[in-house]
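One structure is given below, encoded as structure tokens.
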Amino acid sequence: MSGKVENVGILAMDLYFPSQYVSQTELEKFDEVSSGKYTVGLGQHKMAFCSDREDINSICFTALHRLIEKNKIDLHDIGRLEVGTETIIDKSKSVKTFLMNLFTKVGATDIEGIDTTNACYGGTAALFNAINWVESSSWDGRKAIVVAGDIAVYGKGPARPTGGAGAVAMLVGPNAPLVFDKGVRASYMTHAYDFYKPDLASEFPFVDGKLSIKCYLSALDNCYNLFCKKMRRTDPNFKGLLSLDAMLFHSPYCKLVQKSLARISFNDFLNCPPEEREKLFPGMSAFSDYKLEDTYFDRDIEKAFMTYSQHLFDEKTKPALHIARNVGNMYTPSLYGGLVSYLISKSPEQLVGKKFGLFSYGSGLASTMYSMNICNDMSVGSKLATLIDSLHETVALLDKRQGVEPRIFSEIMENRTQNYHTAPYQPTGSIDVLFPGTYYLINIDDQRRRTYARKD
């Protein structure tokens, strides 16, 4: 395919979250913890979860099929299908191969791409693969689809309220309403044992909570400063957070996102010329000699900059947390659930020409900060409106979910745990509670082969 393509990015999106949730307020009472521990301390309201009727294949099937149906996608027009997930149920066979069932029905088999895995970063890596393909000499003129999905579950204890589940599907190609900036991705990759899953017989991770927060904030510091440096190469007037209309983050829990926005303000403060600090950051001069690496758990700095940045958080980040507050941590789709949340908080007219910063983090660790623009080309304006209308329809399902008592939720989680590697296995979870169009697991046979159906 010859010729330079323009405005490569996201043409369409769809999101899936389970039809059941548990209230974090009720979970506080059930777990006999202090009132507000989950709702205020973590910033979470509701947590979505899956019964044994859903697995990583089924939730990705659901998100992908929704995207295809809503946007009337010709499957022969798809040349790449990428999946990002850390929910691994097979050490060899990729989720992508299961999703190919939708394509092979119409004879579409010439489709590149495969699964990408590294904690919550896999979805972003898959998206970059798709963007890079469209912009490369390998591109054949067709579009790409990226699916990111995960089921985040934890054992009984303080980590369980930070679970969640969901999947996102994104159509990628040229002349898109959501356009990725070129040459400014800033990555920070290193080794850490902050969160990992070495026990292949269990869904549960090993988590070092304090180290995990330190790794997340350290990655944010490194990515943000490099991102700003790269942005200033093309725009000398770039002023960091003040030059971004929105700043979106991977959201393990919403309170960490608010702290992260404050952390960026602290970075801007340290990078500000000393003679301008008092004017731009009044009352913060006492923190002038602090070093980033010494302040990950400094309560004084955290409190001061959370207070300073409250208005910035309300404007640039809080609108992106609607889904995260009510679904929980979806892992690889988390950042893109934030993008969906922000997009539906504004009208298309309010969004045109805006620039978003996005920070993706995956434990272990891998992280990138990058940016996208809402294209102001009137020829793609209708695409933006169509995309947002479709997302409103999807997010409206949040209010149609079924709340489940914490006791029942706990029993469902115990059933998942007890039968995680059982074969043959016949799932017992209710099909009636699933949204129409949801894929679900029918059976696992004695050869561990899985079969699925779609609810009418």
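Ligands are numbered from 1 in the order shown, chains are lettered A, B, ... in the order of the structure tokens, and residues start at 1 in each chain.
Once A:Lys355 and its same-chain neighbours fewer than 6 positions away are set aside, Leu178, Val179, Phe180, Asp181, Ser243, Leu244, Asp245, Ala246, Met247, Ser371, Met372, Asn373, Ile374 and Cys375 of chain A remain within 10 Å of it when counting only C-alpha atoms.
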Put those residues in a file: all heavy atoms, as an mmCIF file, in the first residue's frame.
```
data_model
loop_
_atom_site.group_PDB
_atom_site.id
_atom_site.type_symbol
_atom_site.label_atom_id
_atom_site.label_comp_id
_atom_site.auth_asym_id
_atom_site.auth_seq_id
_atom_site.Cartn_x
_atom_site.Cartn_y
_atom_site.Cartn_z
ATOM 1 N N LEU A 178 -10.296 10.081 16.750
ATOM 2 C CA LEU A 178 -9.338 10.086 17.857
ATOM 3 C C LEU A 178 -7.964 9.750 17.290
ATOM 4 O O LEU A 178 -7.672 8.597 16.979
ATOM 5 C CB LEU A 178 -9.735 9.071 18.929
ATOM 6 C CG LEU A 178 -11.174 9.130 19.451
ATOM 7 C CD1 LEU A 178 -11.391 8.084 20.540
ATOM 8 C CD2 LEU A 178 -11.518 10.516 19.978
ATOM 9 N N VAL A 179 -7.119 10.767 17.158
ATOM 10 C CA VAL A 179 -5.864 10.636 16.418
ATOM 11 C C VAL A 179 -4.667 10.585 17.366
ATOM 12 O O VAL A 179 -4.526 11.434 18.252
ATOM 13 C CB VAL A 179 -5.693 11.822 15.438
ATOM 14 C CG1 VAL A 179 -4.406 11.681 14.648
ATOM 15 C CG2 VAL A 179 -6.896 11.920 14.516
ATOM 16 N N PHE A 180 -3.786 9.628 17.152
ATOM 17 C CA PHE A 180 -2.602 9.469 17.995
ATOM 18 C C PHE A 180 -1.487 10.397 17.527
ATOM 19 O O PHE A 180 -1.151 10.441 16.342
ATOM 20 C CB PHE A 180 -2.116 8.021 17.956
ATOM 21 C CG PHE A 180 -2.950 7.090 18.782
ATOM 22 C CD1 PHE A 180 -4.259 6.810 18.436
ATOM 23 C CD2 PHE A 180 -2.437 6.496 19.922
ATOM 24 C CE1 PHE A 180 -5.043 5.963 19.200
ATOM 25 C CE2 PHE A 180 -3.205 5.646 20.703
ATOM 26 C CZ PHE A 180 -4.511 5.379 20.336
ATOM 27 N N ASP A 181 -0.905 11.136 18.468
ATOM 28 C CA ASP A 181 0.240 11.978 18.150
ATOM 29 C C ASP A 181 1.446 11.106 17.811
ATOM 30 O O ASP A 181 1.661 10.058 18.429
ATOM 31 C CB ASP A 181 0.588 12.885 19.334
ATOM 32 C CG ASP A 181 -0.397 14.021 19.506
ATOM 33 O OD1 ASP A 181 -1.085 14.358 18.534
ATOM 34 O OD2 ASP A 181 -0.476 14.575 20.620
ATOM 35 N N SER A 243 -1.164 22.362 29.286
ATOM 36 C CA SER A 243 -1.375 22.325 27.840
ATOM 37 C C SER A 243 -2.249 21.149 27.407
ATOM 38 O O SER A 243 -2.542 21.005 26.222
ATOM 39 C CB SER A 243 -0.025 22.236 27.115
ATOM 40 O OG SER A 243 0.732 23.414 27.326
ATOM 41 N N LEU A 244 -2.651 20.314 28.359
ATOM 42 C CA LEU A 244 -3.498 19.165 28.055
ATOM 43 C C LEU A 244 -4.926 19.457 28.495
ATOM 44 O O LEU A 244 -5.164 19.972 29.584
ATOM 45 C CB LEU A 244 -2.978 17.921 28.780
ATOM 46 C CG LEU A 244 -1.578 17.444 28.388
ATOM 47 C CD1 LEU A 244 -1.092 16.360 29.344
ATOM 48 C CD2 LEU A 244 -1.567 16.927 26.955
ATOM 49 N N ASP A 245 -5.873 19.107 27.644
ATOM 50 C CA ASP A 245 -7.274 19.335 27.982
ATOM 51 C C ASP A 245 -7.817 18.246 28.889
ATOM 52 O O ASP A 245 -8.792 18.463 29.622
ATOM 53 C CB ASP A 245 -8.107 19.407 26.703
ATOM 54 C CG ASP A 245 -7.695 20.571 25.823
ATOM 55 O OD1 ASP A 245 -7.875 21.725 26.245
ATOM 56 O OD2 ASP A 245 -7.148 20.324 24.734
ATOM 57 N N ALA A 246 -7.201 17.078 28.834
ATOM 58 C CA ALA A 246 -7.586 15.971 29.705
ATOM 59 C C ALA A 246 -6.357 15.136 29.996
ATOM 60 O O ALA A 246 -5.451 15.034 29.174
ATOM 61 C CB ALA A 246 -8.669 15.110 29.054
ATOM 62 N N MET A 247 -6.315 14.542 31.198
ATOM 63 C CA MET A 247 -5.217 13.656 31.573
ATOM 64 C C MET A 247 -5.829 12.385 32.145
ATOM 65 O O MET A 247 -6.463 12.405 33.197
ATOM 66 C CB MET A 247 -4.306 14.335 32.605
ATOM 67 C CG MET A 247 -3.068 13.531 32.954
ATOM 68 S SD MET A 247 -1.934 13.288 31.578
ATOM 69 C CE MET A 247 -1.705 11.504 31.623
ATOM 70 N N SER A 371 -0.182 10.748 23.763
ATOM 71 C CA SER A 371 -1.262 11.726 23.621
ATOM 72 C C SER A 371 -2.046 11.481 22.346
ATOM 73 O O SER A 371 -1.561 10.883 21.394
ATOM 74 C CB SER A 371 -0.703 13.153 23.625
ATOM 75 O OG SER A 371 0.229 13.351 22.588
ATOM 76 N N MET A 372 -3.279 11.954 22.367
ATOM 77 C CA MET A 372 -4.125 11.898 21.185
ATOM 78 C C MET A 372 -4.904 13.199 21.069
ATOM 79 O O MET A 372 -5.123 13.909 22.048
ATOM 80 C CB MET A 372 -5.083 10.698 21.241
ATOM 81 C CG MET A 372 -6.106 10.763 22.355
ATOM 82 S SD MET A 372 -7.400 9.477 22.203
ATOM 83 C CE MET A 372 -6.437 7.987 22.216
ATOM 84 N N ASN A 373 -5.292 13.508 19.853
ATOM 85 C CA ASN A 373 -6.085 14.703 19.570
ATOM 86 C C ASN A 373 -7.452 14.306 19.053
ATOM 87 O O ASN A 373 -7.589 13.315 18.334
ATOM 88 C CB ASN A 373 -5.390 15.566 18.511
ATOM 89 C CG ASN A 373 -4.147 16.238 19.040
ATOM 90 O OD1 ASN A 373 -4.235 17.165 19.816
ATOM 91 N ND2 ASN A 373 -2.979 15.750 18.618
ATOM 92 N N ILE A 374 -8.442 15.085 19.427
ATOM 93 C CA ILE A 374 -9.750 14.933 18.808
ATOM 94 C C ILE A 374 -9.699 15.714 17.504
ATOM 95 O O ILE A 374 -9.537 16.938 17.510
ATOM 96 C CB ILE A 374 -10.878 15.478 19.706
ATOM 97 C CG1 ILE A 374 -10.750 14.928 21.120
ATOM 98 C CG2 ILE A 374 -12.231 15.135 19.098
ATOM 99 C CD1 ILE A 374 -10.875 13.427 21.226
ATOM 100 N N CYS A 375 -9.774 15.004 16.399
ATOM 101 C CA CYS A 375 -9.551 15.616 15.088
ATOM 102 C C CYS A 375 -10.543 16.749 14.826
ATOM 103 O O CYS A 375 -11.747 16.619 15.071
ATOM 104 C CB CYS A 375 -9.690 14.560 13.995
ATOM 105 S SG CYS A 375 -9.230 15.166 12.362
#
```
If DSSP is run on the backbone, what residues of stretch 67-126 of chain A are alpha helix (DSSP H)? A reply as a tab-separated table (two decimals) with all heavy atoms, in the first residue's frame would be ideal.
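Final file, result-v3.tsv:
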```
chain	number	residue	atom	x	y	z
A	67	LEU	N	-18.93	-4.42	18.79
A	67	LEU	CA	-18.27	-3.44	17.92
A	67	LEU	C	-18.62	-3.71	16.46
A	67	LEU	O	-18.94	-2.78	15.70
A	67	LEU	CB	-16.75	-3.51	18.11
A	67	LEU	CG	-15.93	-2.55	17.24
A	67	LEU	CD1	-15.99	-1.14	17.80
A	67	LEU	CD2	-14.48	-3.02	17.13
A	68	ILE	N	-18.55	-4.97	16.07
A	68	ILE	CA	-18.83	-5.34	14.68
A	68	ILE	C	-20.28	-5.02	14.31
A	68	ILE	O	-20.56	-4.44	13.25
A	68	ILE	CB	-18.53	-6.84	14.47
A	68	ILE	CG1	-17.02	-7.11	14.60
A	68	ILE	CG2	-19.04	-7.32	13.11
A	68	ILE	CD1	-16.66	-8.57	14.69
A	69	GLU	N	-21.20	-5.40	15.18
A	69	GLU	CA	-22.62	-5.19	14.88
A	69	GLU	C	-22.98	-3.71	14.82
A	69	GLU	O	-23.64	-3.25	13.88
A	69	GLU	CB	-23.48	-5.87	15.95
A	69	GLU	CG	-23.62	-7.36	15.77
A	69	GLU	CD	-24.61	-7.97	16.75
A	69	GLU	OE1	-24.82	-7.39	17.84
A	69	GLU	OE2	-25.17	-9.03	16.43
A	70	LYS	N	-22.57	-2.96	15.84
A	70	LYS	CA	-22.96	-1.55	15.91
A	70	LYS	C	-22.41	-0.74	14.75
A	70	LYS	O	-23.04	0.21	14.28
A	70	LYS	CB	-22.48	-0.94	17.23
A	70	LYS	CG	-23.30	-1.34	18.44
A	70	LYS	CD	-22.84	-0.54	19.65
A	70	LYS	CE	-23.64	-0.85	20.88
A	70	LYS	NZ	-23.20	-0.04	22.05
A	71	ASN	N	-21.22	-1.11	14.29
A	71	ASN	CA	-20.56	-0.32	13.25
A	71	ASN	C	-20.63	-0.97	11.88
A	71	ASN	O	-20.00	-0.49	10.94
A	71	ASN	CB	-19.10	-0.07	13.66
A	71	ASN	CG	-19.00	0.77	14.90
A	71	ASN	OD1	-19.09	2.00	14.85
A	71	ASN	ND2	-18.80	0.12	16.06
A	95	VAL	N	-6.20	-15.99	22.94
A	95	VAL	CA	-7.58	-15.54	22.90
A	95	VAL	C	-7.94	-15.17	21.46
A	95	VAL	O	-9.06	-15.41	21.00
A	95	VAL	CB	-7.80	-14.34	23.85
A	95	VAL	CG1	-9.22	-13.79	23.70
A	95	VAL	CG2	-7.53	-14.74	25.29
A	96	LYS	N	-6.99	-14.58	20.75
A	96	LYS	CA	-7.24	-14.16	19.36
A	96	LYS	C	-7.75	-15.32	18.51
A	96	LYS	O	-8.63	-15.14	17.66
A	96	LYS	CB	-5.96	-13.57	18.75
A	96	LYS	CG	-6.16	-12.98	17.33
A	96	LYS	CD	-5.78	-13.98	16.25
A	96	LYS	CE	-5.91	-13.40	14.85
A	96	LYS	NZ	-4.81	-12.55	14.45
A	97	THR	N	-7.22	-16.53	18.75
A	97	THR	CA	-7.64	-17.67	17.94
A	97	THR	C	-9.10	-18.02	18.19
A	97	THR	O	-9.81	-18.46	17.28
A	97	THR	CB	-6.76	-18.91	18.18
A	97	THR	OG1	-6.83	-19.29	19.57
A	97	THR	CG2	-5.31	-18.63	17.81
A	98	PHE	N	-9.57	-17.84	19.41
A	98	PHE	CA	-10.99	-18.05	19.70
A	98	PHE	C	-11.84	-17.01	18.96
A	98	PHE	O	-12.87	-17.33	18.38
A	98	PHE	CB	-11.25	-17.96	21.20
A	98	PHE	CG	-10.86	-19.18	21.98
A	98	PHE	CD1	-9.62	-19.26	22.59
A	98	PHE	CD2	-11.73	-20.26	22.10
A	98	PHE	CE1	-9.25	-20.38	23.32
A	98	PHE	CE2	-11.37	-21.39	22.82
A	98	PHE	CZ	-10.12	-21.45	23.43
A	99	LEU	N	-11.39	-15.76	19.01
A	99	LEU	CA	-12.14	-14.68	18.37
A	99	LEU	C	-12.23	-14.86	16.86
A	99	LEU	O	-13.15	-14.33	16.23
A	99	LEU	CB	-11.51	-13.33	18.70
A	99	LEU	CG	-11.42	-12.96	20.18
A	99	LEU	CD1	-10.86	-11.55	20.34
A	99	LEU	CD2	-12.78	-13.08	20.87
A	100	MET	N	-11.29	-15.59	16.29
A	100	MET	CA	-11.32	-15.84	14.85
A	100	MET	C	-12.58	-16.60	14.42
A	100	MET	O	-12.93	-16.60	13.24
A	100	MET	CB	-10.08	-16.61	14.42
A	100	MET	CG	-8.80	-15.78	14.36
A	100	MET	SD	-8.92	-14.35	13.24
A	100	MET	CE	-9.25	-15.17	11.68
A	101	ASN	N	-13.28	-17.22	15.36
A	101	ASN	CA	-14.54	-17.89	15.02
A	101	ASN	C	-15.51	-16.95	14.32
A	101	ASN	O	-16.25	-17.37	13.42
A	101	ASN	CB	-15.20	-18.45	16.29
A	101	ASN	CG	-14.65	-19.81	16.67
A	101	ASN	OD1	-14.80	-20.79	15.96
A	101	ASN	ND2	-14.01	-19.86	17.82
A	102	LEU	N	-15.51	-15.67	14.72
A	102	LEU	CA	-16.42	-14.71	14.11
A	102	LEU	C	-16.02	-14.41	12.66
A	102	LEU	O	-16.87	-14.10	11.83
A	102	LEU	CB	-16.45	-13.41	14.92
A	102	LEU	CG	-16.96	-13.51	16.35
A	102	LEU	CD1	-16.93	-12.15	17.02
A	102	LEU	CD2	-18.37	-14.07	16.38
A	103	PHE	N	-14.72	-14.51	12.38
A	103	PHE	CA	-14.21	-14.16	11.06
A	103	PHE	C	-14.26	-15.35	10.09
A	103	PHE	O	-14.57	-15.19	8.92
A	103	PHE	CB	-12.77	-13.65	11.18
A	103	PHE	CG	-12.66	-12.35	11.91
A	103	PHE	CD1	-12.64	-12.31	13.31
A	103	PHE	CD2	-12.59	-11.14	11.22
A	103	PHE	CE1	-12.55	-11.11	13.99
A	103	PHE	CE2	-12.50	-9.94	11.90
A	103	PHE	CZ	-12.48	-9.92	13.28
A	104	THR	N	-13.94	-16.53	10.61
A	104	THR	CA	-13.90	-17.70	9.73
A	104	THR	C	-15.29	-18.07	9.21
A	104	THR	O	-15.41	-18.72	8.16
A	104	THR	CB	-13.28	-18.91	10.45
A	104	THR	OG1	-13.97	-19.15	11.68
A	104	THR	CG2	-11.81	-18.66	10.76
A	122	GLY	N	-0.93	-4.74	28.57
A	122	GLY	CA	-1.08	-5.50	27.33
A	122	GLY	C	-2.02	-4.86	26.33
A	122	GLY	O	-1.80	-4.94	25.12
A	123	GLY	N	-3.09	-4.21	26.80
A	123	GLY	CA	-4.02	-3.56	25.90
A	123	GLY	C	-3.39	-2.41	25.15
A	123	GLY	O	-3.65	-2.21	23.95
A	124	THR	N	-2.56	-1.64	25.86
A	124	THR	CA	-1.86	-0.52	25.22
A	124	THR	C	-0.84	-1.03	24.21
A	124	THR	O	-0.71	-0.48	23.11
A	124	THR	CB	-1.18	0.35	26.28
A	124	THR	OG1	-2.19	0.97	27.08
A	124	THR	CG2	-0.30	1.42	25.66
A	125	ALA	N	-0.11	-2.09	24.56
A	125	ALA	CA	0.86	-2.66	23.63
A	125	ALA	C	0.16	-3.17	22.36
A	125	ALA	O	0.64	-2.98	21.24
A	125	ALA	CB	1.63	-3.80	24.29
A	126	ALA	N	-1.00	-3.80	22.54
A	126	ALA	CA	-1.77	-4.27	21.39
A	126	ALA	C	-2.24	-3.11	20.52
A	126	ALA	O	-2.21	-3.18	19.29
A	126	ALA	CB	-2.97	-5.09	21.88
```
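Atom to atom, atom CA of A:Leu75 and atom CA of A:Asp110 stand 10.4 Å apart.
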List as JSON lines every residue of stretch 340-371 of chain A that is in contact with stretch 209-228 of chain A, defined as an atom at most 10 Å from one of its atoms (using only C-alpha atoms), together with the nearest atom pair and the distance in Å rounded to one decimal, sorted by chain and then rising number.
```
{"residue": "A:Gly357", "atom": "CA", "partner": "A:Phe227", "partner_atom": "CA", "distance": 9.5}
{"residue": "A:Leu358", "atom": "CA", "partner": "A:Tyr224", "partner_atom": "CA", "distance": 9.9}
{"residue": "A:Phe359", "atom": "CA", "partner": "A:Leu220", "partner_atom": "CA", "distance": 7.4}
{"residue": "A:Ser360", "atom": "CA", "partner": "A:Leu220", "partner_atom": "CA", "distance": 8.9}
{"residue": "A:Tyr361", "atom": "CA", "partner": "A:Tyr216", "partner_atom": "CA", "distance": 6.9}
{"residue": "A:Gly362", "atom": "CA", "partner": "A:Tyr216", "partner_atom": "CA", "distance": 8.4}
{"residue": "A:Ser363", "atom": "CA", "partner": "A:Ser212", "partner_atom": "CA", "distance": 7.4}
{"residue": "A:Gly364", "atom": "CA", "partner": "A:Cys215", "partner_atom": "CA", "distance": 8.7}
{"residue": "A:Leu365", "atom": "CA", "partner": "A:Cys215", "partner_atom": "CA", "distance": 7.8}
{"residue": "A:Ala366", "atom": "CA", "partner": "A:Ala219", "partner_atom": "CA", "distance": 8.1}
{"residue": "A:Ser367", "atom": "CA", "partner": "A:Ala219", "partner_atom": "CA", "distance": 6.4}
{"residue": "A:Thr368", "atom": "CA", "partner": "A:Cys223", "partner_atom": "CA", "distance": 6.1}
{"residue": "A:Met369", "atom": "CA", "partner": "A:Cys223", "partner_atom": "CA", "distance": 5.6}
{"residue": "A:Tyr370", "atom": "CA", "partner": "A:Phe227", "partner_atom": "CA", "distance": 7.1}
{"residue": "A:Ser371", "atom": "CA", "partner": "A:Phe227", "partner_atom": "CA", "distance": 9.0}
```
Output for the residues just chosen: N, CA, C and O atoms as a PDB file, in the first residue's frame:
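Below is the file that was written, selection.pdb:
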```pdb
ATOM      1  N   GLY A 357      -3.817  13.581  27.306  1.00  0.00           N
ATOM      2  CA  GLY A 357      -2.662  12.810  27.721  1.00  0.00           C
ATOM      3  C   GLY A 357      -3.163  11.511  28.324  1.00  0.00           C
ATOM      4  O   GLY A 357      -4.189  11.497  29.010  1.00  0.00           O
ATOM      5  N   LEU A 358      -2.471  10.387  28.074  1.00  0.00           N
ATOM      6  CA  LEU A 358      -2.884   9.085  28.599  1.00  0.00           C
ATOM      7  C   LEU A 358      -1.679   8.375  29.188  1.00  0.00           C
ATOM      8  O   LEU A 358      -0.606   8.316  28.564  1.00  0.00           O
ATOM      9  N   PHE A 359      -1.858   7.818  30.390  1.00  0.00           N
ATOM     10  CA  PHE A 359      -0.779   7.087  31.051  1.00  0.00           C
ATOM     11  C   PHE A 359      -1.217   5.641  31.265  1.00  0.00           C
ATOM     12  O   PHE A 359      -2.220   5.368  31.925  1.00  0.00           O
ATOM     13  N   SER A 360      -0.461   4.735  30.673  1.00  0.00           N
ATOM     14  CA  SER A 360      -0.743   3.307  30.786  1.00  0.00           C
ATOM     15  C   SER A 360       0.339   2.640  31.620  1.00  0.00           C
ATOM     16  O   SER A 360       1.534   2.862  31.397  1.00  0.00           O
ATOM     17  N   TYR A 361      -0.100   1.814  32.575  1.00  0.00           N
ATOM     18  CA  TYR A 361       0.858   1.140  33.457  1.00  0.00           C
ATOM     19  C   TYR A 361       0.496  -0.330  33.599  1.00  0.00           C
ATOM     20  O   TYR A 361      -0.672  -0.686  33.768  1.00  0.00           O
ATOM     21  N   GLY A 362       1.519  -1.171  33.544  1.00  0.00           N
ATOM     22  CA  GLY A 362       1.356  -2.595  33.822  1.00  0.00           C
ATOM     23  C   GLY A 362       2.465  -3.061  34.738  1.00  0.00           C
ATOM     24  O   GLY A 362       3.653  -2.793  34.486  1.00  0.00           O
ATOM     25  N   SER A 363       2.111  -3.744  35.807  1.00  0.00           N
ATOM     26  CA  SER A 363       3.096  -4.178  36.800  1.00  0.00           C
ATOM     27  C   SER A 363       4.141  -5.076  36.180  1.00  0.00           C
ATOM     28  O   SER A 363       3.928  -5.721  35.161  1.00  0.00           O
ATOM     29  N   GLY A 364       5.295  -5.035  36.803  1.00  0.00           N
ATOM     30  CA  GLY A 364       6.348  -5.950  36.392  1.00  0.00           C
ATOM     31  C   GLY A 364       7.660  -5.394  35.872  1.00  0.00           C
ATOM     32  O   GLY A 364       8.655  -6.035  36.016  1.00  0.00           O
ATOM     33  N   LEU A 365       7.823  -4.224  35.218  1.00  0.00           N
ATOM     34  CA  LEU A 365       6.754  -3.302  34.903  1.00  0.00           C
ATOM     35  C   LEU A 365       6.938  -2.716  33.515  1.00  0.00           C
ATOM     36  O   LEU A 365       8.036  -2.688  32.986  1.00  0.00           O
ATOM     37  N   ALA A 366       5.851  -2.232  32.936  1.00  0.00           N
ATOM     38  CA  ALA A 366       5.856  -1.590  31.621  1.00  0.00           C
ATOM     39  C   ALA A 366       4.907  -0.397  31.670  1.00  0.00           C
ATOM     40  O   ALA A 366       3.803  -0.498  32.217  1.00  0.00           O
ATOM     41  N   SER A 367       5.319   0.730  31.109  1.00  0.00           N
ATOM     42  CA  SER A 367       4.472   1.924  31.170  1.00  0.00           C
ATOM     43  C   SER A 367       4.786   2.852  30.005  1.00  0.00           C
ATOM     44  O   SER A 367       5.906   2.875  29.495  1.00  0.00           O
ATOM     45  N   THR A 368       3.784   3.604  29.598  1.00  0.00           N
ATOM     46  CA  THR A 368       3.938   4.595  28.528  1.00  0.00           C
ATOM     47  C   THR A 368       2.976   5.749  28.758  1.00  0.00           C
ATOM     48  O   THR A 368       1.826   5.535  29.156  1.00  0.00           O
ATOM     49  N   MET A 369       3.448   6.967  28.484  1.00  0.00           N
ATOM     50  CA  MET A 369       2.563   8.118  28.389  1.00  0.00           C
ATOM     51  C   MET A 369       2.557   8.559  26.930  1.00  0.00           C
ATOM     52  O   MET A 369       3.597   8.630  26.286  1.00  0.00           O
ATOM     53  N   TYR A 370       1.368   8.818  26.420  1.00  0.00           N
ATOM     54  CA  TYR A 370       1.240   9.260  25.039  1.00  0.00           C
ATOM     55  C   TYR A 370       0.078  10.228  24.948  1.00  0.00           C
ATOM     56  O   TYR A 370      -0.586  10.522  25.952  1.00  0.00           O
ATOM     57  N   SER A 371      -0.182  10.748  23.763  1.00  0.00           N
ATOM     58  CA  SER A 371      -1.262  11.726  23.621  1.00  0.00           C
ATOM     59  C   SER A 371      -2.046  11.481  22.346  1.00  0.00           C
ATOM     60  O   SER A 371      -1.561  10.883  21.394  1.00  0.00           O
TER      61      SER A 371
END
```
### Query
Mind checking DSSP for stretch 332-435 of chain A and telling me the strand (DSSP E or B) residues as a ChimeraX atom specification?
/A:355-362,366-374,402-403,425
Create the file for the chosen residues now, containing N, CA and C atoms and written as a CSV table (one decimal), in the first residue's frame.
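Everything below was put into again.csv:
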```csv
chain,number,residue,atom,x,y,z
A,355,LYS,N,-6.8,18.0,23.2
A,355,LYS,CA,-5.6,17.1,23.3
A,355,LYS,C,-5.7,16.3,24.7
A,356,PHE,N,-5.6,15.0,24.6
A,356,PHE,CA,-5.6,14.2,25.8
A,356,PHE,C,-4.2,13.6,26.0
A,357,GLY,N,-3.8,13.6,27.3
A,357,GLY,CA,-2.7,12.8,27.7
A,357,GLY,C,-3.2,11.5,28.3
A,358,LEU,N,-2.5,10.4,28.1
A,358,LEU,CA,-2.9,9.1,28.6
A,358,LEU,C,-1.7,8.4,29.2
A,359,PHE,N,-1.9,7.8,30.4
A,359,PHE,CA,-0.8,7.1,31.1
A,359,PHE,C,-1.2,5.6,31.3
A,360,SER,N,-0.5,4.7,30.7
A,360,SER,CA,-0.7,3.3,30.8
A,360,SER,C,0.3,2.6,31.6
A,361,TYR,N,-0.1,1.8,32.6
A,361,TYR,CA,0.9,1.1,33.5
A,361,TYR,C,0.5,-0.3,33.6
A,362,GLY,N,1.5,-1.2,33.5
A,362,GLY,CA,1.4,-2.6,33.8
A,362,GLY,C,2.5,-3.1,34.7
A,366,ALA,N,5.9,-2.2,32.9
A,366,ALA,CA,5.9,-1.6,31.6
A,366,ALA,C,4.9,-0.4,31.7
A,367,SER,N,5.3,0.7,31.1
A,367,SER,CA,4.5,1.9,31.2
A,367,SER,C,4.8,2.9,30.0
A,368,THR,N,3.8,3.6,29.6
A,368,THR,CA,3.9,4.6,28.5
A,368,THR,C,3.0,5.7,28.8
A,369,MET,N,3.4,7.0,28.5
A,369,MET,CA,2.6,8.1,28.4
A,369,MET,C,2.6,8.6,26.9
A,370,TYR,N,1.4,8.8,26.4
A,370,TYR,CA,1.2,9.3,25.0
A,370,TYR,C,0.1,10.2,24.9
A,371,SER,N,-0.2,10.7,23.8
A,371,SER,CA,-1.3,11.7,23.6
A,371,SER,C,-2.0,11.5,22.3
A,372,MET,N,-3.3,12.0,22.4
A,372,MET,CA,-4.1,11.9,21.2
A,372,MET,C,-4.9,13.2,21.1
A,373,ASN,N,-5.3,13.5,19.9
A,373,ASN,CA,-6.1,14.7,19.6
A,373,ASN,C,-7.5,14.3,19.1
A,374,ILE,N,-8.4,15.1,19.4
A,374,ILE,CA,-9.8,14.9,18.8
A,374,ILE,C,-9.7,15.7,17.5
A,402,GLN,N,-27.6,-5.8,37.8
A,402,GLN,CA,-28.2,-6.4,38.9
A,402,GLN,C,-27.2,-6.3,40.1
A,403,GLY,N,-27.6,-5.7,41.2
A,403,GLY,CA,-26.8,-5.7,42.4
A,403,GLY,C,-26.9,-7.0,43.2
A,425,TYR,N,-16.0,-29.8,33.1
A,425,TYR,CA,-16.8,-28.9,34.0
A,425,TYR,C,-18.0,-28.3,33.3
```
### Message
Let me make sure I understand: among A:Pro161, A:Pro205, A:Gly240, A:Gly337, which one has the smallest atom-to-atom distance to A:Ser23 if we use only C-alpha atoms?
### Response
A:Pro161
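Using only C-alpha atoms, the shortest contact distance between A:Asp150 and any of A:Asp77, A:Asp199, A:Asp55, A:Asp446 is found at A:Asp55.
Shortest atom-to-atom contact with A:Pro158 among A:Arg448, A:Lys291, A:Lys37, A:Arg325: A:Lys37, counting only C-alpha atoms.
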### Query
Could you pull the residues within 10 Å of A:Glu6, counting only C-alpha atoms, minus those fewer than 2 positions along the same chain, as a list in words?
Gly3, Lys4, Val8, Gly9, Val134, Glu135, Gly173, Pro174, Asn175, Ala176 and Val179 of chain A
### Message
Need the shell around A:Ala169: protein/DNA/RNA residues with any atom at most 10 Å away, counting only C-alpha atoms. Skip same-chain ones fewer than 4 positions apart. Format as an NGL selection string?
### Response
:A and (12-16 or 60-68 or 82-83 or 123 or 145-149 or 333 or 336)
### Task
Have a look at A:Leu339, A:Leu248, A:Met306, A:Leu242 and name the one nearest to A:Leu387; count only C-alpha atoms.
A:Leu339
### Query
If we count only C-alpha atoms, what is near A:Glu411 at a cut-off of 12 Å, once residues fewer than 6 positions away on the same chain are taken out, given as a count of residues only?
10
